[in-house]
file structure08.cif (mmCIF, C-alpha atoms)
data_coords
#
loop_
_atom_site.group_PDB
_atom_site.id
_atom_site.type_symbol
_atom_site.label_atom_id
_atom_site.label_comp_id
_atom_site.auth_asym_id
_atom_site.auth_seq_id
_atom_site.Cartn_x
_atom_site.Cartn_y
_atom_site.Cartn_z
ATOM 1 C CA MET A 1 86.273 108.406 107.047
ATOM 2 C CA ARG A 2 85.701 106.537 110.317
ATOM 3 C CA TYR A 3 88.348 104.429 111.970
ATOM 4 C CA PRO A 4 87.962 101.666 114.540
ATOM 5 C CA SER A 5 87.384 102.618 118.128
ATOM 6 C CA PHE A 6 89.363 101.001 120.919
ATOM 7 C CA ASN A 7 88.545 100.433 124.536
ATOM 8 C CA SER A 8 91.013 100.556 127.407
ATOM 9 C CA ALA A 9 91.537 96.796 127.230
ATOM 10 C CA GLY A 10 92.841 96.939 123.682
ATOM 11 C CA LEU A 11 91.489 95.752 120.362
ATOM 12 C CA ASN A 12 88.109 94.501 121.525
ATOM 13 C CA TYR A 13 85.385 96.726 120.161
ATOM 14 C CA PHE A 14 85.267 98.032 116.618
ATOM 15 C CA SER A 15 82.857 100.338 114.882
ATOM 16 C CA GLY A 16 82.889 101.408 111.293
ATOM 17 C CA MET A 17 85.199 98.611 110.207
ATOM 18 C CA ASP A 18 83.649 98.564 106.757
ATOM 19 C CA GLN A 19 84.642 102.206 106.357
ATOM 20 C CA ILE A 20 88.398 101.591 106.364
ATOM 21 C CA PRO A 21 89.706 101.663 102.806
ATOM 22 C CA ALA A 22 91.415 98.465 101.648
ATOM 23 C CA ASN A 23 94.662 100.312 100.892
ATOM 24 C CA GLU A 24 94.934 101.303 104.573
ATOM 25 C CA THR A 25 94.915 97.726 105.886
ATOM 26 C CA ASP A 26 98.425 96.831 104.705
ATOM 27 C CA GLY A 27 96.926 93.935 102.757
ATOM 28 C CA CYS A 28 96.194 91.949 105.916
ATOM 29 C CA THR A 29 92.591 91.229 105.006
ATOM 30 C CA ALA A 30 90.183 91.147 102.112
ATOM 31 C CA PRO A 31 89.551 94.573 100.543
ATOM 32 C CA GLY A 32 87.303 96.765 102.684
ATOM 33 C CA ILE A 33 87.218 94.373 105.645
ATOM 34 C CA VAL A 34 89.572 94.596 108.606
ATOM 35 C CA THR A 35 89.464 91.889 111.222
ATOM 36 C CA GLU A 36 90.863 92.277 114.701
ATOM 37 C CA ALA A 37 93.707 89.912 113.765
ATOM 38 C CA GLY A 38 94.405 91.835 110.555
ATOM 39 C CA LEU A 39 94.577 95.154 112.361
ATOM 40 C CA ALA A 40 96.805 93.660 115.048
ATOM 41 C CA LEU A 41 99.213 92.375 112.387
ATOM 42 C CA ALA A 42 99.409 95.798 110.780
ATOM 43 C CA CYS A 43 99.811 97.681 114.042
ATOM 44 C CA THR A 44 103.378 98.362 115.180
ATOM 45 C CA ASN A 45 102.076 99.568 118.549
ATOM 46 C CA THR A 46 100.265 96.285 119.215
ATOM 47 C CA ALA A 47 103.298 94.208 118.241
ATOM 48 C CA LEU A 48 105.619 96.251 120.450
ATOM 49 C CA ARG A 49 103.214 96.218 123.398
ATOM 50 C CA ARG A 50 102.875 92.439 123.170
ATOM 51 C CA ALA A 51 106.662 92.047 123.033
ATOM 52 C CA THR A 52 107.094 94.462 125.934
ATOM 53 C CA ARG A 53 104.529 92.576 128.025
ATOM 54 C CA ARG A 54 106.309 89.274 127.335
ATOM 55 C CA LEU A 55 109.717 90.657 128.284
ATOM 56 C CA GLY A 56 108.212 92.456 131.280
ATOM 57 C CA GLN A 57 106.758 89.167 132.529
ATOM 58 C CA LEU A 58 110.164 87.488 132.292
ATOM 59 C CA TYR A 59 111.894 90.293 134.212
ATOM 60 C CA ASP A 60 109.023 90.468 136.731
ATOM 61 C CA ASP A 61 109.401 86.722 137.356
ATOM 62 C CA ALA A 62 113.133 87.158 137.927
ATOM 63 C CA ILE A 63 112.803 89.808 140.645
ATOM 64 C CA SER A 64 109.396 88.954 142.124
ATOM 65 C CA PRO A 65 110.976 86.939 144.988
ATOM 66 C CA LEU A 66 112.350 90.289 146.198
ATOM 67 C CA GLY A 67 108.874 91.842 146.211
ATOM 68 C CA LEU A 68 109.632 94.107 143.237
ATOM 69 C CA LYS A 69 108.128 94.548 139.818
ATOM 70 C CA ALA A 70 110.225 95.388 136.771
ATOM 71 C CA THR A 71 108.832 98.935 136.685
ATOM 72 C CA GLN A 72 109.794 99.479 140.323
ATOM 73 C CA PHE A 73 113.281 98.124 139.726
ATOM 74 C CA GLY A 74 113.565 100.467 136.735
ATOM 75 C CA LEU A 75 112.685 103.403 138.971
ATOM 76 C CA LEU A 76 115.272 102.419 141.593
ATOM 77 C CA VAL A 77 117.935 102.185 138.880
ATOM 78 C CA ALA A 78 116.839 105.488 137.300
ATOM 79 C CA ILE A 79 116.915 107.323 140.643
ATOM 80 C CA ASN A 80 120.329 105.855 141.396
ATOM 81 C CA GLY A 81 121.694 106.691 137.946
ATOM 82 C CA LEU A 82 120.326 110.241 137.882
ATOM 83 C CA SER A 83 121.617 111.058 141.380
ATOM 84 C CA GLU A 84 124.655 113.276 141.819
ATOM 85 C CA GLN A 85 126.461 112.823 145.144
ATOM 86 C CA ASP A 86 123.642 112.858 147.715
ATOM 87 C CA LYS A 87 121.366 114.965 145.524
ATOM 88 C CA GLY A 88 118.647 112.868 143.977
ATOM 89 C CA PRO A 89 116.854 113.768 140.760
ATOM 90 C CA THR A 90 113.649 115.787 140.688
ATOM 91 C CA LEU A 91 110.454 113.971 139.884
ATOM 92 C CA ASN A 92 110.340 115.859 136.575
ATOM 93 C CA GLU A 93 113.846 114.625 135.711
ATOM 94 C CA ILE A 94 112.829 111.038 136.453
ATOM 95 C CA ALA A 95 109.591 111.352 134.462
ATOM 96 C CA THR A 96 111.472 112.788 131.486
ATOM 97 C CA HIS A 97 114.101 110.053 131.670
ATOM 98 C CA GLN A 98 111.480 107.290 131.918
ATOM 99 C CA LEU A 99 109.200 108.895 129.285
ATOM 100 C CA VAL A 100 106.191 108.862 131.637
ATOM 101 C CA GLN A 101 103.727 111.448 132.836
ATOM 102 C CA ILE A 102 104.417 112.886 136.280
ATOM 103 C CA SER A 103 101.096 111.484 137.568
ATOM 104 C CA ALA A 104 102.098 107.959 136.484
ATOM 105 C CA LEU A 105 105.489 108.413 138.121
ATOM 106 C CA THR A 106 104.064 109.556 141.460
ATOM 107 C CA HIS A 107 101.653 106.605 141.395
ATOM 108 C CA ALA A 108 104.513 104.175 140.705
ATOM 109 C CA LEU A 109 106.672 105.725 143.445
ATOM 110 C CA ARG A 110 104.030 105.378 146.198
ATOM 111 C CA PRO A 111 104.792 101.750 147.127
ATOM 112 C CA LEU A 112 108.542 102.416 147.018
ATOM 113 C CA VAL A 113 108.134 105.358 149.389
ATOM 114 C CA ARG A 114 105.682 103.414 151.579
ATOM 115 C CA ASP A 115 108.120 100.497 151.858
ATOM 116 C CA GLY A 116 111.007 102.794 152.798
ATOM 117 C CA LEU A 117 113.000 102.224 149.596
ATOM 118 C CA VAL A 118 112.765 105.779 148.239
ATOM 119 C CA ALA A 119 112.630 109.076 150.136
ATOM 120 C CA LEU A 120 110.986 112.179 148.669
ATOM 121 C CA ARG A 121 112.187 115.563 149.884
ATOM 122 C CA PRO A 122 111.545 119.132 148.768
ATOM 123 C CA ASP A 123 114.214 120.559 146.483
ATOM 124 C CA LEU A 124 116.272 123.050 148.494
ATOM 125 C CA GLU A 125 116.515 125.392 145.486
ATOM 126 C CA ASP A 126 112.871 125.127 144.394
ATOM 127 C CA ARG A 127 110.518 124.141 147.204
ATOM 128 C CA ARG A 128 107.769 123.364 144.663
ATOM 129 C CA SER A 129 109.808 120.440 143.319
ATOM 130 C CA LYS A 130 110.549 117.168 145.047
ATOM 131 C CA ARG A 131 113.703 115.117 144.790
ATOM 132 C CA ALA A 132 113.878 111.349 145.109
ATOM 133 C CA THR A 133 116.732 109.477 146.747
ATOM 134 C CA LEU A 134 117.289 105.826 147.482
ATOM 135 C CA THR A 135 117.299 104.912 151.140
ATOM 136 C CA PRO A 136 119.894 102.414 152.379
ATOM 137 C CA ALA A 137 117.188 99.730 152.156
ATOM 138 C CA GLY A 138 116.425 100.837 148.590
ATOM 139 C CA ARG A 139 120.097 100.640 147.600
ATOM 140 C CA SER A 140 120.423 97.205 149.170
ATOM 141 C CA LEU A 141 117.313 95.851 147.436
ATOM 142 C CA MET A 142 118.418 97.330 144.108
ATOM 143 C CA GLN A 143 121.795 95.550 144.452
ATOM 144 C CA GLN A 144 120.045 92.247 145.176
ATOM 145 C CA ALA A 145 117.766 92.730 142.182
ATOM 146 C CA ILE A 146 120.631 93.580 139.819
ATOM 147 C CA SER A 147 122.011 90.018 139.844
ATOM 148 C CA ARG A 148 118.555 88.510 139.227
ATOM 149 C CA TRP A 149 117.918 91.085 136.499
ATOM 150 C CA ALA A 150 121.297 90.368 134.907
ATOM 151 C CA ASP A 151 120.521 86.641 134.884
ATOM 152 C CA ALA A 152 117.186 87.220 133.115
ATOM 153 C CA ASN A 153 118.838 89.651 130.728
ATOM 154 C CA GLY A 154 121.568 87.109 129.922
ATOM 155 C CA ARG A 155 118.987 84.405 129.239
ATOM 156 C CA ILE A 156 117.107 86.722 126.886
ATOM 157 C CA GLU A 157 120.370 87.624 125.157
ATOM 158 C CA THR A 158 121.179 83.916 124.738
ATOM 159 C CA THR A 159 117.692 83.133 123.452
ATOM 160 C CA LEU A 160 117.627 85.959 120.902
ATOM 161 C CA GLY A 161 121.326 85.815 120.083
ATOM 162 C CA PRO A 162 123.642 88.800 120.526
ATOM 163 C CA THR A 163 122.974 90.305 117.087
ATOM 164 C CA VAL A 164 119.179 90.229 117.349
ATOM 165 C CA ALA A 165 119.269 91.407 120.975
ATOM 166 C CA GLY A 166 121.589 94.294 120.043
ATOM 167 C CA ASN A 167 119.402 95.250 117.090
ATOM 168 C CA LEU A 168 116.314 95.154 119.303
ATOM 169 C CA ARG A 169 117.930 97.476 121.864
ATOM 170 C CA ALA A 170 119.125 99.831 119.133
ATOM 171 C CA LEU A 171 115.655 99.969 117.588
ATOM 172 C CA ALA A 172 114.024 100.548 120.979
ATOM 173 C CA ASP A 173 116.510 103.359 121.707
ATOM 174 C CA LEU A 174 115.796 104.904 118.315
ATOM 175 C CA ILE A 175 112.021 104.814 118.819
ATOM 176 C CA SER A 176 112.342 106.433 122.249
ATOM 177 C CA SER A 177 114.644 109.170 120.937
ATOM 178 C CA GLU A 178 113.810 112.816 120.312
ATOM 179 C CA ARG A 179 115.059 112.322 116.759
ATOM 180 C CA PHE A 180 112.319 109.753 116.075
ATOM 181 C CA LEU A 181 109.685 111.997 117.661
ATOM 182 C CA ALA A 182 110.736 114.976 115.531
ATOM 183 C CA ALA A 183 110.635 112.878 112.348
ATOM 184 C CA TYR A 184 107.222 111.471 113.286
ATOM 185 C CA HIS A 185 105.751 114.924 113.960
ATOM 186 C CA GLY A 186 107.288 116.206 110.724
ATOM 187 C CA GLY A 187 105.883 113.271 108.751
ATOM 188 C CA LEU A 188 109.392 112.473 107.542
ATOM 189 C CA PRO A 189 111.416 109.277 107.347
ATOM 190 C CA LEU A 190 114.351 109.034 109.733
ATOM 191 C CA LYS A 191 117.699 109.905 108.226
ATOM 192 C CA PRO A 192 120.596 107.538 109.009
#

call {"tool": "encode", "arguments": {"input": "structure08.cif", "output": "C-alpha cells"}}
result
Amino acid sequence: MRYPSFNSAGLNYFSGMDQIPANETDGCTAPGIVTEAGLALACTNTALRRATRRLGQLYDDAISPLGLKATQFGLLVAINGLSEQDKGPTLNEIATHQLVQISALTHALRPLVRDGLVALRPDLEDRRSKRATLTPAGRSLMQQAISRWADANGRIETTLGPTVAGNLRALADLISSERFLAAYHGGLPLKP
C-alpha cells in the first residue's frame, strides 16, 4: 500500500493517492480518493501546526518591536527557568526541555549569543558540554518581553475564553508528555 508523499513545504505533492483505502480517509472524501483538503482535515498534525503558526504569529507580533521572535523569547525564558543560582543549564537540558534536537537548539541560540543576550561556557564538570546563561542584557530584554507576551497571552485567553484556553493548554501539555509518547509507541489509548 502506498501513501502520499510530502515535500518540505507541506501538503503539496501527492503520489499514489488512488492507493489509499477509503476506510483510511476518515470519511473526508469519496471512497478511494483523497484530496489535499480531505487529508488536511483528517490530519491532527496539520491542524496543530496551523494553530501553532497562528498563535506564533500573534506572539511574534507582540514582541517583534524588541527584535525578538517567539522562539527566541521561549529560549530566554527556558534558560532563565532552568538556571540554578549562577549555573545555567546545559544545552542538552535545554533541548530536552524544549523538545528540540540539539542542532536546532544551537542554530536558534546563535543570534542570541551574537547579540550578547546569552553566553555559552564550557561546563566545569564536563568540558565536553556547554552551559547557557543569560547576560544582563538578556535578562533585561526578557523582562521587557514578558509584559508584551503577557498582554498577547491575555488577549488570547479572552478570545478563547478561560475554559477553552485551559483545555488547550492541558491538551498541549498532554501531547508533549512522556506518557503520551509511551502510549503512542505502545499503540495504546491514554489512560486517564

call {"tool": "resolve_selection", "arguments": {"input": "structure08.cif", "expression": "the PyMOL selection byres ((chain A and resi 103-116) around 10)", "output": "list in words"}}
result
Leu68, Thr71, Gln72, Phe73, Leu75, Leu76, Leu91, Asn92, Ile94, Ala95, Thr96, Gln98, Leu99, Val100, Gln101, Ile102, Leu117, Val118, Ala119, Leu120, Ala132, Thr133, Leu134, Thr135, Pro136, Ala137 and Gly138 of chain A

call {"tool": "resolve_selection", "arguments": {"input": "structure08.cif", "expression": "the PyMOL selection byres ((chain A and resi 56) around 12)", "output": "mmCIF file with C-alpha atoms, keeping the file's coordinate frame"}}
result
data_model
loop_
_atom_site.group_PDB
_atom_site.id
_atom_site.type_symbol
_atom_site.label_atom_id
_atom_site.label_comp_id
_atom_site.auth_asym_id
_atom_site.auth_seq_id
_atom_site.Cartn_x
_atom_site.Cartn_y
_atom_site.Cartn_z
ATOM 1 C CA LEU A 48 105.619 96.251 120.450
ATOM 2 C CA ARG A 49 103.214 96.218 123.398
ATOM 3 C CA ARG A 50 102.875 92.439 123.170
ATOM 4 C CA ALA A 51 106.662 92.047 123.033
ATOM 5 C CA THR A 52 107.094 94.462 125.934
ATOM 6 C CA ARG A 53 104.529 92.576 128.025
ATOM 7 C CA ARG A 54 106.309 89.274 127.335
ATOM 8 C CA LEU A 55 109.717 90.657 128.284
ATOM 9 C CA GLN A 57 106.758 89.167 132.529
ATOM 10 C CA LEU A 58 110.164 87.488 132.292
ATOM 11 C CA TYR A 59 111.894 90.293 134.212
ATOM 12 C CA ASP A 60 109.023 90.468 136.731
ATOM 13 C CA ASP A 61 109.401 86.722 137.356
ATOM 14 C CA ALA A 62 113.133 87.158 137.927
ATOM 15 C CA ILE A 63 112.803 89.808 140.645
ATOM 16 C CA SER A 64 109.396 88.954 142.124
ATOM 17 C CA LYS A 69 108.128 94.548 139.818
ATOM 18 C CA ALA A 70 110.225 95.388 136.771
ATOM 19 C CA THR A 71 108.832 98.935 136.685
ATOM 20 C CA GLN A 72 109.794 99.479 140.323
ATOM 21 C CA PHE A 73 113.281 98.124 139.726
ATOM 22 C CA GLY A 74 113.565 100.467 136.735
ATOM 23 C CA TRP A 149 117.918 91.085 136.499
ATOM 24 C CA ALA A 152 117.186 87.220 133.115
ATOM 25 C CA ASN A 153 118.838 89.651 130.728
ATOM 26 C CA ILE A 156 117.107 86.722 126.886
#

call {"tool": "atom_distance", "arguments": {"input": "structure08.cif", "atom1": "CA of Ser129 (chain A)", "atom2": "CA of Ser176 (chain A)"}}
result
25.4 Å

call {"tool": "residues_around", "arguments": {"input": "structure08.cif", "residues": "region 172-175 of chain A", "least_positions_apart": "5", "cutoff": "10 Å", "atoms": "all atoms listed in the file", "output": "JSON, numbers by chain"}}
result
{"A": [48, 166, 167, 180, 181, 184, 190]}

call {"tool": "atom_distance", "arguments": {"input": "structure08.cif", "atom1": "CA of Val164 (chain A)", "atom2": "CA of Leu82 (chain A)"}}
result
28.7 Å

call {"tool": "atom_distance", "arguments": {"input": "structure08.cif", "atom1": "CA of Pro122 (chain A)", "atom2": "CA of Thr90 (chain A)"}}
result
9.0 Å

call {"tool": "closest_residue", "arguments": {"input": "structure08.cif", "among": "A:Met142, A:Thr46, A:Thr158, A:Gly88", "to": "Leu124 (chain A)", "atoms": "all atoms listed in the file"}}
result
A:Gly88

call {"tool": "axis_aligned_box", "arguments": {"input": "structure08.cif", "around": "region 166-172 of chain A", "padding_each_side": "5 Å", "output": "JSON"}}
result
{"center_x": 117.8, "center_y": 97.4, "center_z": 119.5, "size_x": 17.6, "size_y": 16.3, "size_z": 14.8}
